[in-house]
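Dropping coords-v4.cif in here (mmCIF, C-alpha atoms and all ligand atoms):
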data_target
#
loop_
_atom_site.label_atom_id
_atom_site.label_comp_id
_atom_site.auth_asym_id
_atom_site.auth_seq_id
_atom_site.Cartn_x
_atom_site.Cartn_y
_atom_site.Cartn_z
CA MET A 317 -20.64 -0.77 6.86
CA ARG A 318 -17.39 0.42 8.50
CA VAL A 319 -14.43 -0.63 6.34
CA ASP A 320 -10.76 0.43 6.43
CA PHE A 321 -9.53 0.29 2.83
CA HIS A 322 -5.76 0.42 3.35
CA ILE A 323 -4.03 -2.23 5.50
CA HIS A 324 -0.52 -3.72 5.47
CA THR A 325 0.34 -7.05 7.10
CA SER A 326 3.65 -8.79 7.75
CA ALA A 327 3.44 -10.12 4.17
CA SER A 328 4.89 -6.72 3.21
CA ASP A 329 6.22 -4.11 5.63
CA GLY A 330 3.52 -4.31 8.32
CA THR A 331 4.44 -5.94 11.61
CA LEU A 332 1.28 -7.96 12.37
CA GLU A 333 -0.23 -11.15 11.00
CA PRO A 334 -3.78 -11.02 9.60
CA ALA A 335 -5.21 -12.80 12.68
CA SER A 336 -4.08 -10.03 15.06
CA ILE A 337 -5.20 -7.26 12.71
CA PHE A 338 -8.69 -8.68 12.21
CA SER A 339 -9.24 -9.30 15.91
CA MET A 340 -8.16 -5.72 16.66
CA ALA A 341 -10.53 -4.49 13.94
CA LYS A 342 -13.37 -6.55 15.41
CA GLY A 343 -12.67 -4.99 18.81
CA LEU A 344 -12.98 -1.56 17.20
CA ASN A 345 -16.37 -2.45 15.68
CA LEU A 346 -15.14 -2.37 12.11
CA ASP A 347 -17.08 -4.51 9.65
CA GLY A 348 -14.21 -5.23 7.33
CA LEU A 349 -10.73 -4.51 6.03
CA ALA A 350 -9.11 -4.36 2.61
CA ILE A 351 -5.74 -6.12 2.72
CA THR A 352 -3.45 -4.03 0.53
CA ASP A 353 0.13 -5.18 0.97
CA HIS A 354 2.89 -3.68 -1.16
CA ASP A 355 3.27 -5.64 -4.40
CA THR A 356 1.96 -8.92 -2.98
CA VAL A 357 -1.32 -10.73 -2.35
CA GLY A 358 0.51 -13.16 -0.03
CA ALA A 359 -1.70 -12.49 3.02
CA VAL A 360 -5.08 -12.41 1.27
CA ALA A 361 -6.01 -16.11 1.48
CA ALA A 362 -5.20 -16.28 5.23
CA SER A 363 -7.00 -12.98 5.84
CA LYS A 364 -10.15 -14.20 4.13
CA LYS A 365 -10.22 -17.33 6.26
CA ILE A 366 -9.90 -15.33 9.49
CA ALA A 367 -12.43 -12.73 8.37
CA LYS A 368 -14.94 -15.48 7.68
CA GLU A 369 -14.46 -16.94 11.16
CA LEU A 370 -15.07 -13.49 12.66
CA ASP A 371 -18.00 -12.78 10.34
CA MET A 372 -16.16 -9.83 8.86
CA LEU A 373 -15.52 -8.61 5.34
CA CYS A 374 -12.09 -9.02 3.74
CA ILE A 375 -11.54 -7.26 0.44
CA SER A 376 -8.67 -8.78 -1.53
CA GLY A 377 -6.32 -6.05 -2.57
CA LEU A 378 -2.79 -4.83 -3.00
CA GLU A 379 -0.81 -1.60 -3.29
CA LEU A 380 1.32 -1.56 -6.41
CA SER A 381 4.51 0.52 -6.32
CA CYS A 382 4.69 2.43 -9.58
CA ASN A 383 6.79 5.09 -11.20
CA GLU A 384 5.61 7.71 -13.65
CA ASP A 385 8.45 9.71 -15.24
CA GLY A 386 10.59 9.25 -12.13
CA THR A 387 7.83 10.08 -9.62
CA SER A 388 6.74 7.41 -7.16
CA ILE A 389 3.01 6.63 -7.36
CA HIS A 390 1.12 3.99 -5.39
CA VAL A 391 -1.88 2.32 -6.99
CA LEU A 392 -4.34 0.49 -4.74
CA ALA A 393 -6.39 -2.35 -6.20
CA TYR A 394 -9.58 -3.88 -4.78
CA GLY A 395 -11.48 -7.02 -5.68
CA VAL A 396 -8.27 -8.58 -6.95
CA ASP A 397 -8.32 -12.17 -8.17
CA TYR A 398 -5.48 -13.24 -5.89
CA ASN A 399 -5.11 -16.63 -7.61
CA SER A 400 -4.74 -15.15 -11.08
CA GLN A 401 -1.59 -16.56 -12.70
CA LYS A 402 -1.40 -13.42 -14.79
CA LEU A 403 -1.28 -11.28 -11.64
CA LEU A 404 1.17 -13.53 -9.79
CA SER A 405 3.64 -13.53 -12.68
CA TYR A 406 3.28 -9.75 -13.10
CA LEU A 407 4.11 -9.27 -9.40
CA SER A 408 6.96 -11.79 -9.40
CA HIS A 409 8.62 -10.03 -12.36
CA TYR A 410 8.84 -6.83 -10.33
CA ARG A 411 9.76 -8.68 -7.12
CA ASN A 412 12.89 -9.99 -8.85
CA GLY A 413 13.85 -6.37 -9.46
CA LYS A 414 13.32 -5.69 -5.77
CA LEU A 415 15.70 -8.53 -4.84
CA LEU A 416 18.35 -7.02 -7.10
CA ARG A 417 17.82 -3.70 -5.37
CA LEU A 418 18.25 -5.39 -2.00
CA ASN A 419 21.64 -6.72 -3.11
CA ASN A 420 22.65 -3.26 -4.33
CA ILE A 421 21.74 -1.69 -0.99
CA LEU A 422 23.55 -4.41 1.01
CA ASN A 423 26.65 -3.91 -1.18
CA LYS A 424 26.58 -0.17 -0.62
CA LEU A 425 26.15 -0.61 3.14
CA SER A 426 29.02 -3.08 3.23
CA ILE A 427 31.30 -0.58 1.43
CA LEU A 428 30.25 1.99 4.04
CA GLY A 429 31.41 -0.42 6.77
CA LEU A 430 27.87 -1.47 7.79
CA PRO A 431 27.65 -5.08 6.64
CA ILE A 432 24.34 -6.95 6.78
CA THR A 433 24.01 -10.55 5.64
CA ALA A 434 21.00 -12.06 3.91
CA ASP A 435 20.64 -14.37 6.96
CA GLU A 436 20.21 -11.39 9.25
CA LEU A 437 17.13 -10.35 7.26
CA GLY A 438 15.49 -13.69 8.11
CA ALA A 439 12.06 -14.36 6.65
CA ASP A 440 11.79 -10.74 5.45
CA ILE A 441 14.05 -11.67 2.54
CA LYS A 442 10.98 -13.09 0.73
CA ASN A 443 9.55 -9.64 0.09
CA PRO A 444 12.33 -7.29 1.13
CA ASN A 445 11.46 -3.68 1.80
CA ARG A 446 13.85 -0.98 2.98
CA VAL A 447 12.17 -0.99 6.38
CA HIS A 448 13.38 -4.57 6.91
CA ILE A 449 16.97 -3.43 6.28
CA ALA A 450 16.42 -0.49 8.64
CA LYS A 451 15.27 -2.90 11.37
CA VAL A 452 18.51 -4.89 11.13
CA MET A 453 20.54 -1.65 11.12
CA VAL A 454 18.88 -0.68 14.42
CA ARG A 455 19.43 -4.16 15.86
CA LYS A 456 23.13 -4.01 14.96
CA ASN A 457 23.45 -0.52 16.48
CA TYR A 458 24.45 1.02 13.14
CA VAL A 459 21.75 3.66 13.71
CA LYS A 460 19.61 4.78 16.64
CA ASN A 461 16.27 4.22 14.93
CA LYS A 462 14.59 3.50 11.60
CA ARG A 463 14.18 7.21 10.91
CA GLN A 464 17.94 7.73 11.06
CA ALA A 465 18.44 4.69 8.79
CA PHE A 466 16.24 6.32 6.16
CA ASN A 467 17.52 9.88 6.64
CA GLU A 468 21.16 8.88 6.28
CA TYR A 469 21.26 5.70 4.22
CA LEU A 470 18.08 4.23 2.76
CA GLY A 471 15.94 7.23 1.77
CA GLU A 472 15.77 8.41 -1.83
CA GLY A 473 19.14 9.84 -2.87
CA LYS A 474 20.86 8.85 0.41
CA LYS A 475 24.19 7.00 0.77
CA ALA A 476 22.97 3.43 0.29
CA TYR A 477 19.85 4.15 -1.78
CA SER A 478 19.12 2.08 -4.83
CA THR A 479 16.05 2.13 -7.00
CA TYR A 480 14.47 -0.77 -8.88
CA GLU A 481 12.32 -1.31 -11.93
CA LYS A 482 8.67 -0.52 -11.24
CA PRO A 483 5.71 -0.53 -13.59
CA SER A 484 4.51 2.88 -14.73
CA ALA A 485 1.28 3.94 -13.05
CA SER A 486 -0.39 3.86 -16.47
CA ASP A 487 0.74 0.28 -17.05
CA GLY A 488 -0.25 -0.80 -13.51
CA ILE A 489 -3.72 0.76 -13.76
CA LYS A 490 -4.31 -0.73 -17.20
CA PHE A 491 -3.10 -4.18 -16.13
CA LEU A 492 -5.04 -4.30 -12.85
CA SER A 493 -8.22 -2.99 -14.48
CA GLU A 494 -7.94 -5.59 -17.22
CA ILE A 495 -7.86 -8.39 -14.65
CA GLY A 496 -11.05 -6.98 -13.13
CA ALA A 497 -9.75 -5.02 -10.12
CA ILE A 498 -10.89 -1.56 -9.07
CA THR A 499 -7.86 0.73 -9.18
CA VAL A 500 -7.45 3.73 -6.90
CA ILE A 501 -4.69 6.35 -6.68
CA ALA A 502 -3.30 6.08 -3.12
CA HIS A 503 -2.62 9.17 -0.95
CA PRO A 504 -2.46 11.70 -3.84
CA SER A 505 -1.01 14.45 -1.62
CA LEU A 506 2.13 12.33 -1.18
CA ILE A 507 2.77 12.36 -4.95
CA LYS A 508 5.68 14.73 -5.54
CA LEU A 509 4.06 16.61 -8.42
CA PRO A 510 2.11 19.88 -8.57
CA ARG A 511 -1.63 19.34 -7.99
CA GLU A 512 -2.55 20.49 -11.50
CA GLU A 513 -0.25 17.87 -12.96
CA ILE A 514 -1.70 15.12 -10.75
CA ILE A 515 -5.20 16.11 -11.88
CA THR A 516 -4.12 15.99 -15.54
CA GLN A 517 -2.64 12.53 -14.94
CA ILE A 518 -5.84 11.40 -13.19
CA THR A 519 -7.86 12.32 -16.29
CA LYS A 520 -5.43 10.30 -18.41
CA TRP A 521 -5.45 7.33 -15.98
CA LYS A 522 -9.24 7.34 -16.02
CA THR A 523 -9.16 6.45 -19.72
CA LEU A 524 -6.97 3.44 -18.79
CA GLY A 525 -9.45 2.18 -16.21
CA LEU A 526 -8.75 4.18 -13.03
CA GLY A 527 -11.71 3.72 -10.70
CA GLY A 528 -11.12 6.03 -7.74
CA ILE A 529 -9.06 8.30 -5.52
CA GLU A 530 -8.02 7.63 -1.92
CA ALA A 531 -9.19 11.01 -0.68
CA TYR A 532 -8.95 10.18 3.04
CA HIS A 533 -5.45 9.27 4.26
CA PRO A 534 -3.53 10.05 7.50
CA SER A 535 -0.91 12.07 5.56
CA HIS A 536 -3.61 14.46 4.26
CA SER A 537 -4.78 17.58 6.05
CA CYS A 538 -8.55 18.06 6.43
CA SER A 539 -8.58 20.45 3.48
CA GLU A 540 -6.61 17.95 1.38
CA ASN A 541 -9.15 15.24 2.21
CA ALA A 542 -11.93 17.55 1.03
CA PHE A 543 -9.98 18.63 -2.05
CA TRP A 544 -9.34 15.08 -3.32
CA HIS A 545 -12.92 14.13 -2.47
CA SER A 546 -14.18 16.89 -4.76
CA ILE A 547 -11.69 15.99 -7.52
CA ALA A 548 -12.90 12.38 -7.40
CA ARG A 549 -16.55 13.47 -7.53
CA SER A 550 -16.05 15.93 -10.38
CA ASN A 551 -14.28 13.25 -12.41
CA GLY A 552 -16.91 10.60 -11.73
CA LEU A 553 -14.47 8.51 -9.69
CA LEU A 554 -15.00 6.54 -6.48
CA VAL A 555 -13.97 8.10 -3.17
CA THR A 556 -12.04 5.84 -0.77
CA GLY A 557 -10.21 6.20 2.52
CA GLY A 558 -7.91 4.11 4.65
CA SER A 559 -5.50 4.29 7.57
CA ASP A 560 -2.44 2.77 5.81
CA PHE A 561 -2.13 0.69 8.97
CA HIS A 562 1.32 -0.89 9.44
CA CYS A 563 1.49 -1.65 13.18
CA ASN A 564 -0.32 -0.93 16.43
CA ILE A 565 2.23 1.65 17.56
CA THR A 566 2.71 4.13 14.77
CA THR A 567 5.42 6.75 14.65
CA SER A 568 4.87 7.87 11.08
CA GLU A 569 2.39 10.57 10.13
CA ASN A 570 1.80 8.64 6.92
CA HIS A 571 0.53 5.53 8.72
CA GLY A 572 -2.51 5.48 10.95
CA TYR A 573 -4.52 3.35 13.37
CA LEU A 574 -7.24 0.95 12.26
CA GLY A 575 -10.36 2.84 11.19
CA GLN A 576 -8.68 6.21 11.81
CA MET A 577 -10.06 7.91 8.70
CA LEU A 578 -13.71 6.91 9.20
CA PRO A 579 -14.69 9.82 11.50
CA MET A 580 -13.18 12.28 8.98
CA TRP A 581 -14.92 10.74 5.97
CA PRO A 582 -18.52 11.99 6.13
CA SER A 583 -19.79 9.96 3.16
CA ALA A 584 -17.93 6.78 4.18
CA LYS A 585 -21.06 4.66 4.39
CA GLN A 586 -22.42 5.56 0.94
CA ASP A 587 -18.96 5.46 -0.69
CA THR A 588 -18.26 2.04 0.83
CA ASP A 589 -21.59 0.68 -0.45
CA THR A 590 -20.76 1.97 -3.94
CA ILE A 591 -17.28 0.42 -3.91
CA LEU A 592 -18.67 -2.91 -2.74
CA GLN A 593 -21.22 -2.88 -5.57
CA PHE A 594 -18.35 -2.54 -8.04
CA ILE A 595 -16.60 -5.62 -6.69
CA LYS A 596 -18.61 -8.14 -8.63
CA GLU A 597 -17.05 -11.41 -7.56
CA GLU A 598 -18.13 -12.34 -4.08
CA ALA A 599 -14.98 -14.44 -3.74
CA TYR A 600 -12.87 -11.29 -3.66
CA LEU A 601 -14.90 -9.71 -0.90
ZN ZN A 701 1.52 3.98 -0.24
ZN ZN A 702 0.14 1.67 2.08
#

Give the structure from this file in structure tokens form.
Amino acid sequence: MRVDFHIHTSASDGTLEPASIFSMAKGLNLDGLAITDHDTVGAVAASKKIAKELDMLCISGLELSCNEDGTSIHVLAYGVDYNSQKLLSYLSHYRNGKLLRLNNILNKLSILGLPITADELGADIKNPNRVHIAKVMVRKNYVKNKRQAFNEYLGEGKKAYSTYEKPSASDGIKFLSEIGAITVIAHPSLIKLPREEIITQITKWKTLGLGGIEAYHPSHSCSENAFWHSIARSNGLLVTGGSDFHCNITTSENHGYLGQMLPMWPSAKQDTDTILQFIKEEAYL
């Protein structure tokens, strides 16, 4: 079973619709994908329909943006009940905070002489991410490219940056585990904390329901992949891997191509079988 466990669609900050992503994946001989959009399960129902038509596997998932003592932490969830009212209201609470943040950023940009209207964001306004603002900034020739938009304006601590309320990783893991999802710490090497501290946190998160570690990610070096693999094993946690696919032409070292991590993940087959066994409800597969 060849599965990519980390995929973004246009329901969050990816550029492609589920139909294009699944047909590309089919062309690459993948057996399935986990749809893990940022803070939304908006593309899961459509993805499942397409996967079924193509005789592929679609794992319902999401990637929850969390904060732990000021550090950004992403929590992946698999086997998510995407119709759960409890989940949808949890996500919509935090989405409202994201909309407030959008207004703050647009205000700051306007003060800097770089006005952007809500209309210019188009459909992206439904689940606004900074990358959507960056796209408009490029279109309006405020910056040369998205990288410059982040480096000068939208990145953490930059001129138009604004944060928003996020759940703590502990709260997110506890909540998602309680609704029956498998929770996994995404790309641990991107967490801006010393390794020892991340490992201490992982032990704590395990008591709250943490199920695994995304050991294999495009932002990790080979030795980092192996390191997080061994940390997961020694803590009795699942090992996962994914490309963090956002679009077919990728310029970020943090985002990869479909199936990119599979050749680097020697135990992918066994680990995938184990993860699938843990997703009890067939409806979420
Ligand atoms: Zn992430
Ligand atoms: Zn991601």

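Each of A:Leu574, A:Val500, A:Ala341, A:Ala362 was compared to ligand ZN 701 (chain A) using all atoms listed in the file, and A:Val500 turns out to be the nearest.
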
Check which residues of chain A sit at most 8 Å from ligand ZN 701 (chain A) using all atoms listed in the file, and return one row each with the closest pair of atoms and their distance in Å to one decimal, ordered by chain and rising number, as CSV.
residue,atom,partner,partner_atom,distance
A:His354,CA,A:ZN701,ZN,7.8
A:Glu379,CA,A:ZN701,ZN,6.8
A:Ser381,CA,A:ZN701,ZN,7.6
A:Ile389,CA,A:ZN701,ZN,7.7
A:His390,CA,A:ZN701,ZN,5.2
A:Val391,CA,A:ZN701,ZN,7.7
A:Ala502,CA,A:ZN701,ZN,6.0
A:His503,CA,A:ZN701,ZN,6.7
A:Asp560,CA,A:ZN701,ZN,7.3

CA of Lys520 (chain A) and CA of Ala542 (chain A) are how many Å apart?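 Taking CA of Lys520 (chain A) as the start and CA of Ala542 (chain A) as the end point, the length is 21.7 Å.
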
Neighbour residues at most 10 Å from (-6.9, -4.3, 6.7) (all atoms listed in the file) as a ChimeraX atom specification: /A:319-325,334,337-338,341,348-353,360,363,373-377,558-562,574-575

Of the candidates A:Ile441, A:Met580, A:Ala393, A:Ile547, which one gets nearest to ligand ZN 702 (chain A) if we count all atoms listed in the file?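 Closest to ligand ZN 702 (chain A), using all atoms listed in the file: A:Ala393.
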
Taking 5 positions as the minimum chain separation for residues in the same chain, which residues sit within 12 Å of Leu422 (chain A) when counting all atoms listed in the file? Answer as a PyMOL selection string. chain A and resi 415-417+427-437+444+446+448-450+452-453+469-470+475-478

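Minimum distance to ligand ZN 702 (chain A) across A:Ile501, A:Leu553, A:Ala465, A:Leu370 (counting all atoms listed in the file) occurs at A:Ile501.
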
Got a minute to add N, CA and C atoms to region 379-408 of chain A and dump it as a short mmCIF file (atom, residue, chain, number, x, y, z; two decimals), in the coordinates of the input?
data_model
loop_
_atom_site.label_atom_id
_atom_site.label_comp_id
_atom_site.auth_asym_id
_atom_site.auth_seq_id
_atom_site.Cartn_x
_atom_site.Cartn_y
_atom_site.Cartn_z
N GLU A 379 -1.26 -2.96 -2.99
CA GLU A 379 -0.81 -1.60 -3.29
C GLU A 379 0.42 -1.73 -4.17
N LEU A 380 0.24 -1.38 -5.43
CA LEU A 380 1.32 -1.56 -6.41
C LEU A 380 2.23 -0.33 -6.42
N SER A 381 3.54 -0.59 -6.26
CA SER A 381 4.51 0.52 -6.32
C SER A 381 4.80 0.82 -7.78
N CYS A 382 4.51 2.05 -8.18
CA CYS A 382 4.69 2.43 -9.58
C CYS A 382 5.58 3.67 -9.67
N ASN A 383 5.95 3.96 -10.89
CA ASN A 383 6.79 5.09 -11.20
C ASN A 383 6.21 5.76 -12.42
N GLU A 384 6.05 7.06 -12.42
CA GLU A 384 5.61 7.71 -13.65
C GLU A 384 6.59 8.86 -13.88
N ASP A 385 7.41 8.71 -14.93
CA ASP A 385 8.45 9.71 -15.24
C ASP A 385 9.28 10.05 -14.00
N GLY A 386 9.70 9.03 -13.27
CA GLY A 386 10.59 9.25 -12.13
C GLY A 386 9.88 9.61 -10.83
N THR A 387 8.56 9.76 -10.85
CA THR A 387 7.83 10.08 -9.62
C THR A 387 7.17 8.81 -9.08
N SER A 388 7.32 8.60 -7.76
CA SER A 388 6.74 7.41 -7.16
C SER A 388 5.22 7.58 -7.00
N ILE A 389 4.48 6.60 -7.47
CA ILE A 389 3.01 6.63 -7.36
C ILE A 389 2.53 5.26 -6.88
N HIS A 390 1.67 5.25 -5.89
CA HIS A 390 1.12 3.99 -5.39
C HIS A 390 -0.30 3.80 -5.91
N VAL A 391 -0.55 2.62 -6.46
CA VAL A 391 -1.88 2.32 -6.99
C VAL A 391 -2.49 1.20 -6.14
N LEU A 392 -3.63 1.50 -5.52
CA LEU A 392 -4.34 0.49 -4.74
C LEU A 392 -5.27 -0.28 -5.67
N ALA A 393 -5.46 -1.56 -5.38
CA ALA A 393 -6.39 -2.35 -6.20
C ALA A 393 -7.30 -3.13 -5.26
N TYR A 394 -8.57 -3.19 -5.60
CA TYR A 394 -9.58 -3.88 -4.78
C TYR A 394 -10.34 -4.90 -5.62
N GLY A 395 -10.75 -5.98 -4.94
CA GLY A 395 -11.48 -7.02 -5.68
C GLY A 395 -10.53 -7.75 -6.61
N VAL A 396 -9.31 -7.96 -6.12
CA VAL A 396 -8.27 -8.58 -6.95
C VAL A 396 -8.43 -10.09 -6.93
N ASP A 397 -8.33 -10.71 -8.11
CA ASP A 397 -8.32 -12.17 -8.17
C ASP A 397 -6.92 -12.62 -7.73
N TYR A 398 -6.82 -12.99 -6.46
CA TYR A 398 -5.48 -13.24 -5.89
C TYR A 398 -4.91 -14.59 -6.30
N ASN A 399 -5.67 -15.38 -7.08
CA ASN A 399 -5.11 -16.63 -7.61
C ASN A 399 -4.75 -16.50 -9.07
N SER A 400 -4.98 -15.32 -9.65
CA SER A 400 -4.74 -15.15 -11.08
C SER A 400 -3.25 -15.34 -11.41
N GLN A 401 -2.98 -16.30 -12.30
CA GLN A 401 -1.59 -16.56 -12.70
C GLN A 401 -0.98 -15.33 -13.35
N LYS A 402 -1.85 -14.63 -14.10
CA LYS A 402 -1.40 -13.42 -14.79
C LYS A 402 -0.89 -12.40 -13.76
N LEU A 403 -1.66 -12.24 -12.68
CA LEU A 403 -1.28 -11.28 -11.64
C LEU A 403 -0.01 -11.74 -10.93
N LEU A 404 0.02 -13.04 -10.56
CA LEU A 404 1.17 -13.53 -9.79
C LEU A 404 2.46 -13.41 -10.60
N SER A 405 2.39 -13.64 -11.93
CA SER A 405 3.64 -13.53 -12.68
C SER A 405 4.02 -12.05 -12.89
N TYR A 406 3.02 -11.20 -13.00
CA TYR A 406 3.28 -9.75 -13.10
C TYR A 406 4.01 -9.28 -11.84
N LEU A 407 3.51 -9.70 -10.67
CA LEU A 407 4.11 -9.27 -9.40
C LEU A 407 5.50 -9.89 -9.21
N SER A 408 5.66 -11.15 -9.65
CA SER A 408 6.96 -11.79 -9.40
C SER A 408 8.04 -11.18 -10.31
#
